[in-house]
Amino acid sequence: MYLYNSASRKKELFVPNHPDIVKMYTCGPTVYHFAHIGNLRSYIMEDVLEKYLRFSGYNVKRVMNITDVGHLTSDADEGEDKMLKGAKREHKSVMEIAQFYTNAFFDDCRKLNIKRPDVVEPATNCIEDYIRIITKLMDDGYAYFAGGNVYFDTSKLERYYVFNDFNADDLDVGVREGVEEDTNKRNKNDFVLWFTKSKFEDQALKWDSPWGTGYPGWHIECSGISMKHLGEDLDIHCGGIDNAFPHHTNEIAQSESYLGHKWCNWWVHVLHLNTTSGKMSKSSGEFLTVKLLEEKGYDPLSYRFFCLQSHYRKALVFTWENLDNAQKAYGKLVSRLAGLKPDDGPVDEAALEQLLDRFRSAMDADLNTSLAVTALYDSLKAQTNDATKLNAIGEMDKVLGLELTEKAELKREEAKKAAQAASGNAGFTVIPEDGTEDATVTELLEMRQAAKKAKQYAQADAIREQLRGMGIEITDIPSGAKWKHI
């Protein structure tokens with residue numbers, strides 16, 4: 001498998017540090033509000049990566065943090081932190097907010113068929129780990145105390161910028177757009193490892209430390225949690241592209257200075273989901289959540305399908321029209337699978353392997369999910385029996401996570417029940433124009449006839465559309481219905 005490495009800016013053959021396990025770390029949510037679907041694009045693609053590693057035979061241990069310590073609105077420790085802002089908004093304690101939105105995040109993940117990581121660790125659980133790392137960084141000369149805070153000294157590094165070739169003057173304040181400069185810093189790009197009580201009397205969560213009562217900086221969380229659960233080396237670290245700088249840059253700086261050696265081999269970044277007006281965020285425009293998609297009648301898995309149709313290293317533009325198209329395509333795909341016969345013969349192992357090879361070739365090329373979806377569609381058109389097609393698609397869907405087999409089987413069961421209920425359609429005949437009988441088509445046409453008799457015309461129209469999605473065109477005749485492939 002070739003995987004693009006943001007640190008080297010090229011695709012590299014993936015070889016894990018240890019033959020028996022892949023160590024994978026993914027940045028988790030800050031749980032002060034619902035995740036928007038732009039955030040969730042990253043989690044979907046990270047889920048695909050983990051599932052493909054397992055599909056390829058690797059044993060994977062994936063760790064994710066939950067940020068339940070506030071993020072400040074400025075590097076100078078000014079403004080409200082996000083957790084406290086959420087608590088004030090909803091008249092709850094910070095920890096109540098954290099628990100509520102942690103549960104909401106994983107509920108969204110369940111609806112999107114995103115596997116829960118093997119280890120999920122709240123940042124507040126690991127204060128002693130952060131203190132230990134910061135203490136050693138200070139002892140080794142990589143950190144200093146100034147103005148009530150502990151800072152990492154970036155001047156001690158041979159190379160600070162990892163993911164982009166910045167000029168020193170490009171980022172005057174060294175953290176992110178719109179922040180205030182912190183005059184306590186020795187260097188523009190130094191960052192806070194620990195905040196003390198000197199600046200934030202309104203901070204809700206504080207702990208004792210050798211430097212005073214306070215709380216950890218944002219970046220130290222992921223280093224501490226990763227080392228706690230995955231040890232001193234890491235195969236893959238994932239996150240959204242907006243985390244590359246400063247968050248992941250700072251993680252590398254502090255982790256490798258603490259350890260004294262290279263920390264992580266692969267950095268995998270997922271590009272933004274944009275609206276037509278720019279980057280999606282919680283503060284601009286309509287707040288797009290999984291709950292909102294459901295309220296508008298969308299299956300959350302249609303959104304997953306939408307994401308898979310584009311490469312994770314390309315920005316993806318969200319519009320309701322694009323999501324409509326994805327939902328229609330997803331529904332037709334499920335209907336086509338429902339029209340296949342699972343028991344029409346033994347699986348052709350040679351044909352199955354050929355179909356899976358196409359899928360592997362796509363995924364091995366830096367997780368090209370767009371081509372992988374094409375390989376799935378090609379399986380439907382393959383010159384082999386339905387049992388082989390269903391087996392191939394079932395294997396592919398272990399990675400793509402669209403629940404195709406389950407939904408197709410549900411449609412078949414619904415069709416059978418409806419056919420049984422419609423068995424009183426005396427005199428109703430089904431005529432295949434090409435002479436080929438198909439029990440599933442017959443059952444659906446009988447179900448449609450029963451719906452029409454009961455004056456349930458919307459249901460009858462829905463069945464017609466289902467058949468059209470299976471590539472079947474029907475024509476009503478006085479004695480019943482004729483059908484043909486289109």
# chains A, B, ... in the order shown; residues from 1 in each chain; ligands from 1
call {"tool": "residues_around", "arguments": {"residues": "Gln99 in chain A", "least_positions_apart": "4", "cutoff": "8 Å", "atoms": "only C-alpha atoms", "output": "PyMOL selection string"}}
result
chain A and resi 31+95+103
call {"tool": "residues_around", "arguments": {"residues": "Thr475 in chain A", "least_positions_apart": "5", "cutoff": "10 Å", "atoms": "only C-alpha atoms", "output": "PyMOL selection string"}}
result
chain A and resi 431+480-484
call {"tool": "write_last_selection", "arguments": {"atoms": "N, CA and C atoms", "output": "PDB file, in the first residue's frame"}}
result
ATOM      1  N   ILE A 431     -45.052 -10.574 -16.988  1.00  0.00           N
ATOM      2  CA  ILE A 431     -44.489 -11.068 -18.245  1.00  0.00           C
ATOM      3  C   ILE A 431     -43.116 -10.443 -18.477  1.00  0.00           C
ATOM      4  N   GLY A 480     -51.894  -7.491 -16.173  1.00  0.00           N
ATOM      5  CA  GLY A 480     -50.818  -7.447 -15.185  1.00  0.00           C
ATOM      6  C   GLY A 480     -49.768  -6.427 -15.545  1.00  0.00           C
ATOM      7  N   ALA A 481     -48.518  -6.892 -15.697  1.00  0.00           N
ATOM      8  CA  ALA A 481     -47.420  -5.985 -16.015  1.00  0.00           C
ATOM      9  C   ALA A 481     -46.360  -6.719 -16.815  1.00  0.00           C
ATOM     10  N   LYS A 482     -45.723  -5.991 -17.746  1.00  0.00           N
ATOM     11  CA  LYS A 482     -44.568  -6.494 -18.472  1.00  0.00           C
ATOM     12  C   LYS A 482     -43.335  -5.754 -17.972  1.00  0.00           C
ATOM     13  N   TRP A 483     -42.172  -6.399 -18.048  1.00  0.00           N
ATOM     14  CA  TRP A 483     -40.953  -5.738 -17.633  1.00  0.00           C
ATOM     15  C   TRP A 483     -39.793  -6.150 -18.526  1.00  0.00           C
ATOM     16  N   LYS A 484     -38.778  -5.252 -18.533  1.00  0.00           N
ATOM     17  CA  LYS A 484     -37.587  -5.535 -19.305  1.00  0.00           C
ATOM     18  C   LYS A 484     -36.409  -4.787 -18.679  1.00  0.00           C
TER      19      LYS A 484
END
call {"tool": "closest_residue", "arguments": {"among": "A:Ala338, A:Gly231, A:Ile472, A:Tyr160", "to": "Glu433 in chain A", "atoms": "only C-alpha atoms"}}
result
A:Ile472
call {"tool": "closest_residue", "arguments": {"among": "A:Tyr142, A:Leu234, A:Thr196, A:Leu288", "to": "Trp263 in chain A", "atoms": "only C-alpha atoms"}}
result
A:Leu234
call {"tool": "closest_residue", "arguments": {"among": "A:Tyr144, A:Phe152, A:Phe428, A:Phe100", "to": "Tyr258 in chain A", "atoms": "only C-alpha atoms"}}
result
A:Phe152
call {"tool": "residues_around", "arguments": {"residues": "range 309-322 of chain A", "least_positions_apart": "4", "cutoff": "8 Å", "atoms": "only C-alpha atoms", "output": "mmCIF file with N, CA and C atoms, in the first residue's frame"}}
result
data_model
loop_
_atom_site.group_PDB
_atom_site.id
_atom_site.type_symbol
_atom_site.label_atom_id
_atom_site.label_comp_id
_atom_site.auth_asym_id
_atom_site.auth_seq_id
_atom_site.Cartn_x
_atom_site.Cartn_y
_atom_site.Cartn_z
ATOM 1 N N MET A 45 -12.851 9.241 6.702
ATOM 2 C CA MET A 45 -11.692 8.788 5.937
ATOM 3 C C MET A 45 -10.678 8.076 6.828
ATOM 4 N N HIS A 269 -3.345 13.619 6.330
ATOM 5 C CA HIS A 269 -4.244 14.754 6.534
ATOM 6 C C HIS A 269 -5.381 14.738 5.517
ATOM 7 N N VAL A 270 -6.594 14.938 6.016
ATOM 8 C CA VAL A 270 -7.796 14.974 5.178
ATOM 9 C C VAL A 270 -8.139 16.426 4.888
ATOM 10 N N LEU A 271 -8.387 16.738 3.621
ATOM 11 C CA LEU A 271 -8.689 18.120 3.258
ATOM 12 C C LEU A 271 -10.109 18.513 3.658
ATOM 13 N N HIS A 272 -10.359 19.807 3.575
ATOM 14 C CA HIS A 272 -11.616 20.363 4.074
ATOM 15 C C HIS A 272 -12.827 19.947 3.240
ATOM 16 N N LEU A 273 -13.954 19.925 3.907
ATOM 17 C CA LEU A 273 -15.244 19.969 3.226
ATOM 18 C C LEU A 273 -15.632 21.445 3.184
ATOM 19 N N ASN A 274 -15.837 21.960 1.982
ATOM 20 C CA ASN A 274 -16.167 23.375 1.811
ATOM 21 C C ASN A 274 -17.617 23.548 1.363
ATOM 22 N N THR A 275 -18.166 24.688 1.664
ATOM 23 C CA THR A 275 -19.416 25.099 1.044
ATOM 24 C C THR A 275 -19.038 25.963 -0.166
ATOM 25 N N THR A 276 -20.009 26.378 -0.916
ATOM 26 C CA THR A 276 -19.719 27.227 -2.081
ATOM 27 C C THR A 276 -19.143 28.573 -1.661
ATOM 28 N N PHE A 305 -21.273 8.005 1.570
ATOM 29 C CA PHE A 305 -21.102 7.671 0.154
ATOM 30 C C PHE A 305 -20.618 8.894 -0.623
ATOM 31 N N ALA A 326 -25.971 12.057 -4.399
ATOM 32 C CA ALA A 326 -25.349 10.935 -3.686
ATOM 33 C C ALA A 326 -26.413 10.029 -3.081
ATOM 34 N N LEU A 367 -5.363 5.178 -0.898
ATOM 35 C CA LEU A 367 -6.777 5.162 -0.499
ATOM 36 C C LEU A 367 -7.674 5.864 -1.514
ATOM 37 N N ASN A 368 -7.592 5.453 -2.768
ATOM 38 C CA ASN A 368 -8.413 6.084 -3.800
ATOM 39 C C ASN A 368 -9.822 5.503 -3.730
ATOM 40 N N THR A 369 -10.621 6.051 -2.833
ATOM 41 C CA THR A 369 -11.969 5.516 -2.612
ATOM 42 C C THR A 369 -12.871 5.731 -3.817
ATOM 43 N N SER A 370 -12.615 6.767 -4.605
ATOM 44 C CA SER A 370 -13.408 6.989 -5.812
ATOM 45 C C SER A 370 -13.262 5.804 -6.770
ATOM 46 N N VAL A 373 -14.965 2.677 -5.312
ATOM 47 C CA VAL A 373 -16.413 2.645 -5.577
ATOM 48 C C VAL A 373 -16.666 2.191 -7.016
#
call {"tool": "select_by_dssp", "arguments": {"residues": "range 94-299 of chain A", "states": "helix (DSSP H, G or I)", "output": "JSON, numbers by chain"}}
result
{"A": [94, 95, 96, 97, 98, 99, 100, 101, 102, 103, 104, 105, 106, 107, 108, 109, 110, 111, 123, 124, 125, 126, 127, 128, 129, 130, 131, 132, 133, 134, 135, 136, 137, 138, 139, 154, 155, 156, 218, 219, 220, 221, 222, 223, 224, 225, 226, 227, 228, 229, 230, 241, 242, 243, 244, 245, 246, 247, 248, 249, 250, 251, 252, 253, 254, 255, 256, 257, 258, 259, 290, 291, 292, 293, 294, 295]}
call {"tool": "closest_atom_pairs", "arguments": {"of": "range 341-424 of chain A", "to": "range 462-466 of chain A", "cutoff": "12 Å", "atoms": "only C-alpha atoms", "output": "CSV"}}
result
residue,atom,partner,partner_atom,distance
A:Ala408,CA,A:Gln466,CA,11.7
A:Lys411,CA,A:Gln466,CA,9.8
A:Arg412,CA,A:Gln466,CA,11.7
A:Glu414,CA,A:Ile463,CA,11.3
A:Ala415,CA,A:Ile463,CA,9.6
A:Ala418,CA,A:Ile463,CA,11.0
call {"tool": "closest_atom_pairs", "arguments": {"of": "range 239-315 of chain A", "to": "range 106-128 of chain A", "cutoff": "10 Å", "atoms": "only C-alpha atoms", "output": "JSON lines"}}
result
{"residue": "A:Thr289", "atom": "CA", "partner": "A:Asp108", "partner_atom": "CA", "distance": 8.7}
{"residue": "A:Val290", "atom": "CA", "partner": "A:Asp108", "partner_atom": "CA", "distance": 6.3}
{"residue": "A:Lys291", "atom": "CA", "partner": "A:Asp108", "partner_atom": "CA", "distance": 8.1}
{"residue": "A:Asp299", "atom": "CA", "partner": "A:Lys111", "partner_atom": "CA", "distance": 8.7}
{"residue": "A:Pro300", "atom": "CA", "partner": "A:Leu112", "partner_atom": "CA", "distance": 5.7}
{"residue": "A:Leu301", "atom": "CA", "partner": "A:Leu112", "partner_atom": "CA", "distance": 5.5}
{"residue": "A:Ser302", "atom": "CA", "partner": "A:Leu112", "partner_atom": "CA", "distance": 8.8}
{"residue": "A:Tyr303", "atom": "CA", "partner": "A:Leu112", "partner_atom": "CA", "distance": 8.0}
{"residue": "A:Arg304", "atom": "CA", "partner": "A:Leu112", "partner_atom": "CA", "distance": 6.4}
{"residue": "A:Phe305", "atom": "CA", "partner": "A:Leu112", "partner_atom": "CA", "distance": 9.7}
call {"tool": "closest_residue", "arguments": {"among": "A:His485, A:Lys417, A:Arg468, A:Lys389", "to": "Leu355 in chain A", "atoms": "only C-alpha atoms"}}
result
A:Lys389
call {"tool": "closest_residue", "arguments": {"among": "A:Leu371, A:Val430, A:Leu308, A:Ala392", "to": "Ser479 in chain A", "atoms": "only C-alpha atoms"}}
result
A:Val430
call {"tool": "select_by_dssp", "arguments": {"residues": "range 118-353 of chain A", "states": "strand (DSSP E or B)", "output": "PyMOL selection string"}}
result
chain A and resi 119-122+143-146+149-152+191-196+207+214-216+234-240+264-270+273-275+278-279+281+284+316-317
call {"tool": "write_last_selection", "arguments": {"atoms": "C-alpha atoms", "output": "compact mmCIF listing (two decimals), in the first residue's frame"}}
result
# COMPACT_ATOMS: atom_id res chain seq x y z
CA VAL A 119 -8.82 3.47 22.96
CA VAL A 120 -10.69 6.72 23.57
CA GLU A 121 -9.03 8.89 26.21
CA PRO A 122 -10.36 12.20 27.59
CA ALA A 143 11.07 24.65 27.62
CA TYR A 144 11.09 27.76 29.81
CA PHE A 145 8.85 29.53 32.33
CA ALA A 146 7.79 33.11 31.57
CA ASN A 149 3.25 30.03 31.58
CA VAL A 150 5.55 27.24 30.42
CA TYR A 151 6.60 27.57 26.76
CA PHE A 152 8.32 25.28 24.31
CA PHE A 191 3.91 27.66 22.13
CA VAL A 192 2.37 27.06 25.54
CA LEU A 193 2.84 23.72 27.26
CA TRP A 194 1.17 24.72 30.54
CA PHE A 195 -0.93 27.72 31.55
CA THR A 196 -0.86 28.78 35.23
CA TRP A 207 -4.86 21.29 38.36
CA GLY A 214 -3.38 25.68 35.85
CA TYR A 215 -4.07 23.48 32.88
CA PRO A 216 -2.26 22.00 29.86
CA LEU A 234 3.88 5.73 16.08
CA ASP A 235 3.12 4.43 12.59
CA ILE A 236 0.32 6.76 11.50
CA HIS A 237 -1.05 10.03 12.86
CA CYS A 238 -4.23 11.38 11.21
CA GLY A 239 -6.23 14.58 11.33
CA GLY A 240 -7.79 17.34 9.29
CA CYS A 264 5.83 9.17 13.89
CA ASN A 265 6.47 7.80 10.39
CA TRP A 266 3.30 8.77 8.48
CA TRP A 267 1.19 11.90 8.73
CA VAL A 268 -2.16 11.60 6.96
CA HIS A 269 -4.24 14.75 6.53
CA VAL A 270 -7.80 14.97 5.18
CA LEU A 273 -15.24 19.97 3.23
CA ASN A 274 -16.17 23.38 1.81
CA THR A 275 -19.42 25.10 1.04
CA GLY A 278 -15.71 28.67 1.69
CA LYS A 279 -14.55 26.41 4.53
CA SER A 281 -17.28 25.85 10.33
CA SER A 284 -20.39 30.52 9.55
CA LEU A 316 -14.81 18.53 -1.37
CA VAL A 317 -17.61 21.01 -2.05
call {"tool": "closest_atom_pairs", "arguments": {"of": "range 264-356 of chain A", "to": "range 441-461 of chain A", "cutoff": "12 Å", "atoms": "only C-alpha atoms", "output": "JSON lines"}}
result
{"residue": "A:Ser335", "atom": "CA", "partner": "A:Val441", "partner_atom": "CA", "distance": 11.2}
{"residue": "A:Arg336", "atom": "CA", "partner": "A:Val441", "partner_atom": "CA", "distance": 11.2}
{"residue": "A:Ala338", "atom": "CA", "partner": "A:Val441", "partner_atom": "CA", "distance": 10.1}
{"residue": "A:Gly339", "atom": "CA", "partner": "A:Val441", "partner_atom": "CA", "distance": 7.4}
{"residue": "A:Leu340", "atom": "CA", "partner": "A:Val441", "partner_atom": "CA", "distance": 10.2}
{"residue": "A:Lys341", "atom": "CA", "partner": "A:Val441", "partner_atom": "CA", "distance": 11.1}
call {"tool": "write_last_selection", "arguments": {"atoms": "C-alpha atoms", "output": "PDB file, in the first residue's frame"}}
result
ATOM      1  CA  SER A 335     -31.759  -1.649  -4.980  1.00  0.00           C
ATOM      2  CA  ARG A 336     -29.475  -3.237  -7.559  1.00  0.00           C
ATOM      3  CA  ALA A 338     -31.379  -6.346  -3.601  1.00  0.00           C
ATOM      4  CA  GLY A 339     -32.164  -7.613  -7.100  1.00  0.00           C
ATOM      5  CA  LEU A 340     -29.280 -10.136  -7.033  1.00  0.00           C
ATOM      6  CA  LYS A 341     -29.912 -13.748  -6.019  1.00  0.00           C
TER       7      LYS A 341
END
call {"tool": "atom_distance", "arguments": {"atom1": "CA of Asn385 in chain A", "atom2": "CA of Met470 in chain A"}}
result
16.3 Å
call {"tool": "atom_distance", "arguments": {"atom1": "CA of Thr440 in chain A", "atom2": "CA of Leu390 in chain A"}}
result
15.3 Å
call {"tool": "atom_distance", "arguments": {"atom1": "CA of Asn325 in chain A", "atom2": "CA of Arg360 in chain A"}}
result
26.2 Å
call {"tool": "closest_residue", "arguments": {"among": "A:Gly427, A:Gly394, A:Pro246, A:Gly435", "to": "Val162 in chain A", "atoms": "only C-alpha atoms"}}
result
A:Pro246
call {"tool": "residues_around", "arguments": {"residues": "Met64 in chain A", "least_positions_apart": "3", "cutoff": "6 Å", "atoms": "only C-alpha atoms", "output": "PyMOL selection string"}}
result
chain A and resi 25-28+120
call {"tool": "write_last_selection", "arguments": {"atoms": "N, CA and C atoms", "output": "compact mmCIF listing (two decimals), in the first residue's frame"}}
result
# COMPACT_ATOMS: atom_id res chain seq x y z
N TYR A 25 -2.86 6.86 15.54
CA TYR A 25 -3.43 7.87 16.42
C TYR A 25 -4.21 8.88 15.58
N THR A 26 -5.42 9.20 16.05
CA THR A 26 -6.23 10.19 15.34
C THR A 26 -6.72 11.25 16.32
N CYS A 27 -6.57 12.51 15.94
CA CYS A 27 -7.04 13.61 16.78
C CYS A 27 -8.56 13.56 16.91
N GLY A 28 -9.04 13.66 18.14
CA GLY A 28 -10.48 13.60 18.39
C GLY A 28 -11.11 14.97 18.50
N VAL A 120 -10.22 5.33 23.59
CA VAL A 120 -10.69 6.72 23.57
C VAL A 120 -10.35 7.32 24.93
